[in-house]
Each structure stands twice: as C-alpha cells, then as structure tokens.
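Below: one structure, written as structure tokens.
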Amino acid sequence: MAEYRISRNVEASIIDFIVTELSSDSWTGINVLKGFPEDYKGLTPFIGVEALSRGTDQIEIGSNSIFLDIPISIRIFAVNDGQRLDLSDWLLDVQLLDNIDYYEYTITNGVVSEKSKVGKIRFLNKVSRKELTNTQTLVAEDRYRQLITATCRVTLD
C-alpha cells in the first residue's frame, strides 16, 4: 500500500473532478487522462491533465513552510475548432476550475483503493490559448489543441 504525493494527488483530484462534471453536464465521448500518451492517434477528443513542477515559495520570511503550489497544464485535444472552444469555455467560464476538492489517494496493487478529502484546490493565474498555429499540415489530432495553464494552490482542511 502506498500514497500519492501532492503533485499526483492534485492531478488525480482534477481528473476526478473533470470526469464527474463532464458526465453531469451531458458531455459524452471525451476521455480525461493523466498527461497525454506519446501516441494519441485516433484517441481524440480527450483532455490531458499534467502537473509540471513544484513551487518552493516560502509562506513568510524566516519560515520553513512553503505554499502548496503546483503548476498544471490542461490540454484539450478536440476534433474541431468548435469543440476546442466549447470545452475550454466550459472549463473556464462556468468557473469549474476553482475550489475543487483535494483528495489524498491510497494505492493498493497499482490501483486507487481509497481517497480522502483533505482540502481544496484553487486555480491562480489561469491562461487559455490555442496551443498550435498554422495547423493545416498537422495530423488531425494536433490541429485542434487548446492549452490551459494555471498555478494550483492547495489548502488543507
């Protein structure tokens, strides 16, 4: 039995949240993955969630405590520009990406055996942009990509 550390907990919490919201808001056929696979031909549409690094900013001068900040990228791989725009607007405009429950995950034999809500995730500095330009010569899976980046701050209960 093992436990994820903070970066993996943030990724998994965001993935769980997006999966739940997609199904409750009648989106169908869109997978939500950790990162994105090296070979994603034929897998679109999907959303990839990835922790990029870990911040080490001190909470206050002289303190050894640091903010629990994780830079995150969310990539939308859509089947057309309309779906790319609709999914990114859906994630941002209705404030889905804010105050997400933060879970700690326990892993047994390679699968999640338990998760416990222990805090919240706030998204700071959200930026959304079309990831690639001049896409006419790209394979279909790369033509309609959107990149959302943010710093996620974890607050524990």
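Here's how to read the names in the structure tokens: chain A, B, ... by the order shown, residue numbers from 1 in each chain, ligand numbers from 1 in the order shown.
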
TODO: Mind the document's chain letters and residue numbers, and return as JSON, numbers by chain the residues of segment 23-130 of chain A that DSSP labels strand (DSSP E or B).
DONE: {"A": [31, 32, 33, 34, 46, 47, 48, 49, 50, 51, 58, 66, 69, 70, 71, 72, 73, 74, 75, 76, 77, 100, 101, 102, 103, 104, 105, 106, 107, 108, 111, 112, 113, 114, 115, 116, 117, 118, 119, 120, 121, 122, 123, 124, 125, 126, 127, 128, 129, 130]}

Open item on the list: Give me the residues near segment 8-24 of chain A as a list of chain:residue names, where near means some atom within 7 Å (using only C-alpha atoms) and where sequence neighbours in that chain fewer than 5 positions away do not count.
Closed with: A:Val32, A:Val49, A:Glu50, A:Ala51, A:Asp101, A:Tyr102, A:Tyr103, A:Glu104, A:Tyr105

Open item on the list: Please determine, counting only C-alpha atoms, which residue among A:Ile107, A:Asp81, A:Asn125, A:Ile47 has the shortest atom-to-atom distance to Arg5 of chain A.
Closed with: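 When distances to Arg5 of chain A are compared using only C-alpha atoms, the smallest one comes from A:Ile107.
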
Open item on the list: Ranking A:Leu43, A:Glu3, A:Gln136, A:Val127 by minimum distance to Ser88 of chain A and counting only C-alpha atoms, which one comes first?
Closed with: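 Once distances to Ser88 of chain A are computed over only C-alpha atoms, the minimum belongs to A:Val127.
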
- [ ] Write out as number ranges by chain the residues lying within 7 Å of segment 139-148 of chain A, counting only C-alpha atoms and excluding same-chain residues fewer than 2 positions away.
- [x] A: 41, 44, 73-81, 84, 126-132, 135, 137, 150
